[in-house]
$ cat target06.tsv   # TSV, C-alpha atoms and all ligand atoms
chain	number	residue	atom	x	y	z
A	83	MET	CA	92.39	46.77	7.51
A	84	PRO	CA	93.62	46.03	11.09
A	85	GLN	CA	91.04	44.55	13.43
A	86	ASN	CA	91.26	46.42	16.71
A	87	VAL	CA	88.05	44.80	17.85
A	88	GLN	CA	88.24	41.01	18.05
A	89	ALA	CA	85.00	40.30	19.91
A	90	PHE	CA	81.47	41.68	19.97
A	91	ILE	CA	79.61	41.11	23.23
A	92	PHE	CA	75.83	41.38	23.17
A	93	ASP	CA	73.51	42.05	26.05
A	94	LEU	CA	70.24	40.09	25.58
A	95	ASP	CA	67.14	41.93	26.84
A	96	GLY	CA	66.64	45.07	24.76
A	97	VAL	CA	69.56	44.34	22.40
A	98	VAL	CA	68.88	40.97	20.74
A	99	VAL	CA	65.29	40.41	21.90
A	100	PHE	CA	62.58	42.80	23.07
A	101	THR	CA	62.22	40.90	26.36
A	102	ASP	CA	62.98	44.23	28.10
A	103	LYS	CA	59.27	44.95	27.56
A	104	TYR	CA	58.30	41.75	29.43
A	105	HIS	CA	60.67	42.50	32.33
A	106	TYR	CA	58.98	45.89	32.67
A	107	LEU	CA	55.48	44.39	32.49
A	108	GLY	CA	56.43	41.79	35.13
A	109	TRP	CA	57.64	44.49	37.54
A	110	LYS	CA	54.61	46.65	36.70
A	111	LYS	CA	52.24	43.81	37.54
A	112	LEU	CA	53.99	43.24	40.88
A	113	ALA	CA	53.94	46.98	41.63
A	114	ASP	CA	50.22	47.17	40.84
A	115	ASP	CA	49.56	44.17	43.15
A	116	GLN	CA	51.40	45.97	45.95
A	117	GLY	CA	50.00	49.46	45.30
A	118	TRP	CA	53.48	50.82	44.40
A	119	GLU	CA	54.20	53.48	41.82
A	120	LEU	CA	56.18	52.34	38.77
A	121	ASP	CA	56.21	54.33	35.54
A	122	GLU	CA	58.22	53.89	32.35
A	123	TYR	CA	60.85	56.40	33.50
A	124	LEU	CA	61.62	54.27	36.58
A	125	GLY	CA	61.31	51.19	34.36
A	126	HIS	CA	64.27	52.42	32.26
A	127	GLN	CA	66.40	52.56	35.43
A	128	LEU	CA	65.73	48.84	35.99
A	129	ARG	CA	67.24	47.89	32.62
A	130	GLY	CA	70.23	45.59	32.99
A	131	VAL	CA	69.96	45.57	36.79
A	132	SER	CA	69.83	42.12	38.44
A	133	ARG	CA	66.60	40.92	40.05
A	134	ILE	CA	66.98	41.88	43.75
A	135	PRO	CA	68.81	45.19	43.09
A	136	ALA	CA	66.01	46.06	40.60
A	137	LEU	CA	63.37	45.38	43.28
A	138	GLU	CA	65.36	47.56	45.69
A	139	ILE	CA	65.23	50.48	43.23
A	140	ILE	CA	61.41	50.16	43.15
A	141	LEU	CA	61.22	49.88	46.95
A	142	GLU	CA	63.40	52.95	47.47
A	143	HIS	CA	61.33	54.96	44.99
A	144	ASN	CA	58.22	54.06	46.98
A	145	GLY	CA	59.79	54.54	50.41
A	146	VAL	CA	59.16	50.88	51.32
A	147	GLU	CA	61.46	48.78	53.51
A	148	LEU	CA	61.23	44.98	53.49
A	149	LEU	CA	63.03	42.07	55.13
A	150	GLU	CA	65.36	40.08	52.83
A	151	GLU	CA	63.02	37.08	52.89
A	152	GLU	CA	60.08	39.18	51.72
A	153	LYS	CA	62.20	40.72	48.96
A	154	HIS	CA	63.00	37.25	47.65
A	155	ARG	CA	59.35	36.20	47.82
A	156	LEU	CA	58.24	39.22	45.79
A	157	ALA	CA	61.12	38.90	43.31
A	158	ASP	CA	60.04	35.28	42.74
A	159	ILE	CA	56.50	36.47	41.95
A	160	LYS	CA	57.85	38.98	39.40
A	161	ASN	CA	59.89	36.16	37.88
A	162	GLU	CA	56.77	34.01	37.53
A	163	TYR	CA	55.01	36.90	35.75
A	164	TYR	CA	58.04	37.35	33.48
A	165	ARG	CA	58.28	33.63	32.67
A	166	ALA	CA	54.55	33.57	31.82
A	167	PHE	CA	55.28	36.20	29.14
A	168	LEU	CA	58.15	34.05	27.85
A	169	GLN	CA	55.73	31.20	27.08
A	170	ASP	CA	54.47	33.13	24.06
A	171	ILE	CA	57.84	34.43	22.87
A	172	SER	CA	58.54	34.09	19.15
A	173	THR	CA	60.81	35.43	16.42
A	174	ASN	CA	58.46	38.45	16.32
A	175	ASP	CA	60.19	39.52	19.55
A	176	LEU	CA	63.65	39.67	17.94
A	177	TYR	CA	65.25	43.12	17.65
A	178	PRO	CA	65.19	43.78	13.86
A	179	GLY	CA	68.62	43.19	12.31
A	180	ALA	CA	70.19	41.71	15.46
A	181	VAL	CA	70.64	38.16	14.16
A	182	GLU	CA	71.90	39.51	10.81
A	183	LEU	CA	74.41	41.72	12.64
A	184	ILE	CA	75.74	38.81	14.73
A	185	LYS	CA	76.09	36.61	11.62
A	186	ALA	CA	77.82	39.42	9.70
A	187	VAL	CA	80.48	39.97	12.36
A	188	ARG	CA	81.10	36.23	12.68
A	189	GLU	CA	81.67	36.06	8.93
A	190	ARG	CA	84.36	38.70	9.41
A	191	GLY	CA	86.18	36.49	11.95
A	192	VAL	CA	85.01	38.41	15.01
A	193	ARG	CA	84.15	36.28	18.06
A	194	THR	CA	80.78	36.74	19.74
A	195	ALA	CA	79.46	36.44	23.28
A	196	LEU	CA	76.10	36.86	24.95
A	197	ALA	CA	76.40	38.64	28.30
A	198	SER	CA	73.14	39.02	30.18
A	199	ALA	CA	72.32	39.73	33.81
A	200	SER	CA	69.24	37.54	33.41
A	201	LYS	CA	68.96	34.09	34.96
A	202	ASN	CA	66.33	33.42	32.26
A	203	ALA	CA	68.69	34.16	29.36
A	204	GLY	CA	69.20	30.45	28.54
A	205	THR	CA	65.43	29.92	28.27
A	206	VAL	CA	65.13	32.83	25.81
A	207	LEU	CA	68.10	31.70	23.71
A	208	ASP	CA	66.76	28.13	23.53
A	209	ALA	CA	63.20	29.23	22.71
A	210	LEU	CA	64.43	31.27	19.75
A	211	GLY	CA	67.27	28.94	18.65
A	212	LEU	CA	69.94	31.61	19.19
A	213	THR	CA	72.52	29.77	21.31
A	214	LEU	CA	74.76	28.71	18.42
A	215	LEU	CA	75.25	32.33	17.34
A	216	PHE	CA	77.60	32.82	20.28
A	217	ASP	CA	81.08	31.48	21.07
A	218	ALA	CA	80.38	32.12	24.77
A	219	VAL	CA	77.22	32.61	26.81
A	220	VAL	CA	77.37	34.29	30.23
A	221	THR	CA	74.13	34.78	32.17
A	222	GLY	CA	72.83	35.85	35.55
A	223	ASN	CA	73.65	32.35	36.80
A	224	ASP	CA	77.38	33.00	36.27
A	225	ILE	CA	77.71	36.31	38.08
A	226	SER	CA	77.47	37.58	41.64
A	227	ARG	CA	77.55	41.34	41.00
A	228	SER	CA	74.95	43.40	39.12
A	229	LYS	CA	75.83	45.85	36.33
A	230	PRO	CA	77.37	48.50	36.52
A	231	ASP	CA	79.91	46.04	37.92
A	232	PRO	CA	81.94	44.81	34.90
A	233	GLU	CA	81.89	41.15	36.02
A	234	VAL	CA	79.55	39.80	33.29
A	235	PHE	CA	81.65	41.38	30.51
A	236	LEU	CA	85.03	40.43	32.00
A	237	ILE	CA	83.93	36.78	32.30
A	238	SER	CA	82.76	36.93	28.66
A	239	ALA	CA	86.13	38.29	27.49
A	240	GLU	CA	87.96	35.64	29.47
A	241	ARG	CA	85.86	32.82	27.99
A	242	LEU	CA	86.45	34.20	24.48
A	243	GLY	CA	90.17	34.57	25.14
A	244	VAL	CA	90.11	38.21	24.01
A	245	SER	CA	91.52	41.09	26.08
A	246	PRO	CA	88.94	43.65	27.32
A	247	GLU	CA	90.26	46.56	25.23
A	248	ARG	CA	89.60	44.47	22.10
A	249	CYS	CA	85.97	43.84	23.01
A	250	LEU	CA	82.96	45.90	21.95
A	251	VAL	CA	79.72	45.71	23.94
A	252	PHE	CA	76.16	46.36	22.73
A	253	GLU	CA	73.93	47.50	25.62
A	254	ASP	CA	70.48	49.08	26.05
A	255	ALA	CA	70.97	49.96	29.74
A	256	TYR	CA	72.66	52.99	31.30
A	257	SER	CA	74.02	50.59	33.94
A	258	GLY	CA	75.23	48.25	31.17
A	259	ILE	CA	77.17	51.00	29.37
A	260	GLU	CA	78.72	51.89	32.75
A	261	ALA	CA	79.66	48.22	33.18
A	262	ALA	CA	81.28	48.06	29.72
A	263	ILE	CA	83.26	51.24	30.41
A	264	ASN	CA	84.26	49.86	33.81
A	265	ALA	CA	85.49	46.72	32.00
A	266	GLY	CA	87.69	48.88	29.74
A	267	MET	CA	85.73	47.93	26.61
A	268	HIS	CA	84.32	49.74	23.60
A	269	ALA	CA	80.57	50.29	23.91
A	270	VAL	CA	77.59	50.95	21.66
A	271	GLY	CA	74.33	52.08	23.27
A	272	VAL	CA	71.15	50.58	21.83
A	273	GLY	CA	68.33	53.09	22.19
A	274	ASP	CA	67.72	56.82	22.33
A	275	ARG	CA	70.67	59.08	23.10
A	276	GLU	CA	68.77	60.92	25.88
A	277	ARG	CA	68.45	57.62	27.78
A	278	LEU	CA	72.09	56.68	27.21
A	279	PRO	CA	74.13	59.88	27.64
A	280	ASN	CA	77.13	57.78	28.77
A	281	ALA	CA	77.38	55.74	25.53
A	282	PRO	CA	80.30	56.59	23.20
A	283	LEU	CA	78.00	55.77	20.25
A	284	CYS	CA	74.23	55.16	20.04
A	285	VAL	CA	72.10	53.24	17.51
A	286	THR	CA	68.47	52.29	17.17
A	287	ASP	CA	68.84	50.71	13.70
A	288	TYR	CA	71.59	48.08	13.36
A	289	GLY	CA	71.47	48.49	9.59
A	290	GLU	CA	73.04	51.93	9.99
A	291	LEU	CA	76.24	50.62	11.59
A	292	ALA	CA	79.46	50.97	9.57
A	293	LEU	CA	80.57	47.47	10.54
A	294	ASP	CA	84.06	47.37	8.99
A	295	ASP	CA	84.86	50.75	10.54
A	296	LEU	CA	83.56	49.65	13.92
A	297	ILE	CA	85.74	46.52	13.82
A	298	ALA	CA	88.77	48.49	12.68
A	299	ARG	CA	88.44	51.37	15.13
A	300	GLY	CA	85.92	50.48	17.83
A	301	THR	CA	84.22	53.44	19.48
A	302	GLY	CA	87.34	55.39	20.45
A	303	THR	CA	89.64	54.75	23.39
A	304	PRO	CA	88.11	52.08	25.60
B	401	LIG	P1	66.19	37.91	35.65
B	401	LIG	P2	70.03	41.95	30.30
B	401	LIG	C1	68.60	41.96	32.56
B	401	LIG	O1	68.96	41.34	31.34
B	401	LIG	C2	67.34	42.79	32.35
B	401	LIG	O2	67.63	43.93	31.56
B	401	LIG	C3	66.80	43.28	33.67
B	401	LIG	O3	65.57	43.96	33.46
B	401	LIG	C4	66.57	42.09	34.61
B	401	LIG	O4	66.15	42.55	35.89
B	401	LIG	C5	67.89	41.33	34.75
B	401	LIG	O5	68.33	40.89	33.47
B	401	LIG	C6	67.72	40.10	35.63
B	401	LIG	O6	66.84	39.21	34.96
B	401	LIG	O7	65.25	38.38	36.70
B	401	LIG	O8	65.54	37.21	34.49
B	401	LIG	O9	67.35	37.11	36.23
B	401	LIG	O10	69.52	43.26	29.85
B	401	LIG	O11	71.33	42.03	31.11
B	401	LIG	O12	70.10	40.92	29.20
B	402	MG	MG	69.50	44.83	28.42

$ encode --input "target06.tsv" --output "structure tokens"
Amino acid sequence: MPQNVQAFIFDLDGVVVFTDKYHYLGWKKLADDQGWELDEYLGHQLRGVSRIPALEIILEHNGVELLEEEKHRLADIKNEYYRAFLQDISTNDLYPGAVELIKAVRERGVRTALASASKNAGTVLDALGLTLLFDAVVTGNDISRSKPDPEVFLISAERLGVSPERCLVFEDAYSGIEAAINAGMHAVGVGDRERLPNAPLCVTDYGELALDDLIARGTGTP
């Protein structure tokens, strides 16, 4: 069967590891400190969004304006809260079937990349021994533009040496699916369809993916 897809690109938080929960709890703790409103609905809009732009979404929702310096100070506090959660991270936090999926595509000759907006992605990969599952790792330290900008996925494709239309992205964020589409790539949404109306295909259980079909055909025209 022809392989139209030559690379699978995985987002980290909410796709490989349930660290999305800890990002939300970090922001929630900061919001509670400051007396700001932050519910799970707003929390979903922060998925995939880089640190300062995520804070700006919370500020706008609460009608708060801050100087740049203060934004950075508060974003640093959220990061400390998030990193405190990471201290207890274990294989219990892995998305079920994610590691098996990555190994299965590698066995089929498909290249793999990790593409995360998070500057903490390396810490998570090291803590769980995941780094060697990927031919390329691109994190928040390598990019200057937040999703939905396609930068993180285009750098991944370049490092893999695979053209964008032959890449397939797994993403849990609305902004991440937008970024994959903006990169001209195939995209699979990880999570409920109502949260990811822009995803060409949605899954919650990786075991249900028809892997050979996905490699042969992707998710339609990228
Ligand atoms: P940090 P992903 C994203 O990671 C998270 O979804 C998002 O919640 C977070 O704000 C962003 O990374 C930046 O993370 O503050 O650790 O640099 O989903 O792209 O793997
Ligand atoms: Mg994510």

$ closest_residue --input "target06.tsv" --among "A:Ala281, A:Leu183, A:Ile91, A:Leu141" --to "Val220 in chain A" --atoms "all atoms listed in the file"
A:Ile91

$ residues_near_ligand --input "target06.tsv" --ligand "ligand LIG 401 (chain B)" --cutoff "6 Å" --atoms "only C-alpha atoms and all ligand atoms" --output "mmCIF file with C-alpha atoms, in the coordinates of the input"
data_model
loop_
_atom_site.group_PDB
_atom_site.id
_atom_site.type_symbol
_atom_site.label_atom_id
_atom_site.label_comp_id
_atom_site.auth_asym_id
_atom_site.auth_seq_id
_atom_site.Cartn_x
_atom_site.Cartn_y
_atom_site.Cartn_z
ATOM 1 C CA ASP A 93 73.510 42.050 26.050
ATOM 2 C CA LEU A 94 70.240 40.090 25.580
ATOM 3 C CA ASP A 95 67.140 41.930 26.840
ATOM 4 C CA ASP A 102 62.980 44.230 28.100
ATOM 5 C CA HIS A 105 60.670 42.500 32.330
ATOM 6 C CA LEU A 128 65.730 48.840 35.990
ATOM 7 C CA ARG A 129 67.240 47.890 32.620
ATOM 8 C CA GLY A 130 70.230 45.590 32.990
ATOM 9 C CA VAL A 131 69.960 45.570 36.790
ATOM 10 C CA SER A 132 69.830 42.120 38.440
ATOM 11 C CA ARG A 133 66.600 40.920 40.050
ATOM 12 C CA ALA A 136 66.010 46.060 40.600
ATOM 13 C CA ASN A 161 59.890 36.160 37.880
ATOM 14 C CA SER A 198 73.140 39.020 30.180
ATOM 15 C CA ALA A 199 72.320 39.730 33.810
ATOM 16 C CA SER A 200 69.240 37.540 33.410
ATOM 17 C CA LYS A 201 68.960 34.090 34.960
ATOM 18 C CA ASN A 202 66.330 33.420 32.260
ATOM 19 C CA GLY A 222 72.830 35.850 35.550
#

$ atom_distance --input "target06.tsv" --atom1 "CA of Gly273 in chain A" --atom2 "CA of Val98 in chain A"
12.2 Å

$ residues_around --input "target06.tsv" --residues "Phe167 in chain A" --least-positions-apart "3" --cutoff "10 Å" --atoms "only C-alpha atoms" --output "number ranges by chain"
A: 101, 103-105, 107-108, 161-164, 170-171

$ atom_distance --input "target06.tsv" --atom1 "CA of Asp294 in chain A" --atom2 "CA of Gly179 in chain A"
16.3 Å

$ closest_residue --input "target06.tsv" --among "A:Ala255, A:Ala157, A:Val234, A:Ala261" --to "Gln127 in chain A" --atoms "only C-alpha atoms"
A:Ala255

$ residues_around --input "target06.tsv" --residues "Gln169 in chain A" --least-positions-apart "5" --cutoff "10 Å" --atoms "only C-alpha atoms" --output "PyMOL selection string"
chain A and resi 164+205-206+209

$ atom_distance --input "target06.tsv" --atom1 "CA of Leu137 in chain A" --atom2 "CA of Arg275 in chain A"
25.5 Å

$ closest_residue --input "target06.tsv" --among "A:Ser257, A:Gln116, A:Thr173, A:Ser228" --to "Gly271 in chain A" --atoms "only C-alpha atoms"
A:Ser257

$ closest_residue --input "target06.tsv" --among "A:Tyr256, A:Phe216, A:Phe90, A:Trp118" --to "ligand MG 402 (chain B)" --atoms "only C-alpha atoms and all ligand atoms"
A:Tyr256

$ axis_aligned_box --input "target06.tsv" --around "range 103-115 of chain A" --padding-each-side "4 Å" --output "AutoDock Vina command-line options"
--center_x 55.1 --center_y 44.5 --center_z 35.4 --size_x 19.1 --size_y 13.4 --size_z 23.6

$ closest_residue --input "target06.tsv" --among "A:Leu250, A:Leu176, A:Ala197, A:Leu291" --to "ligand MG 402 (chain B)" --atoms "only C-alpha atoms and all ligand atoms"
A:Ala197

$ closest_residue --input "target06.tsv" --among "A:Glu276, A:Leu293, A:Val146, A:Gly300" --to "Glu189 in chain A" --atoms "only C-alpha atoms"
A:Leu293

$ residues_around --input "target06.tsv" --residues "Glu119 in chain A" --least-positions-apart "4" --cutoff "10 Å" --atoms "only C-alpha atoms" --output "MDAnalysis selection string"
chainID A and resid 110 113:114 124 140:141 143:144
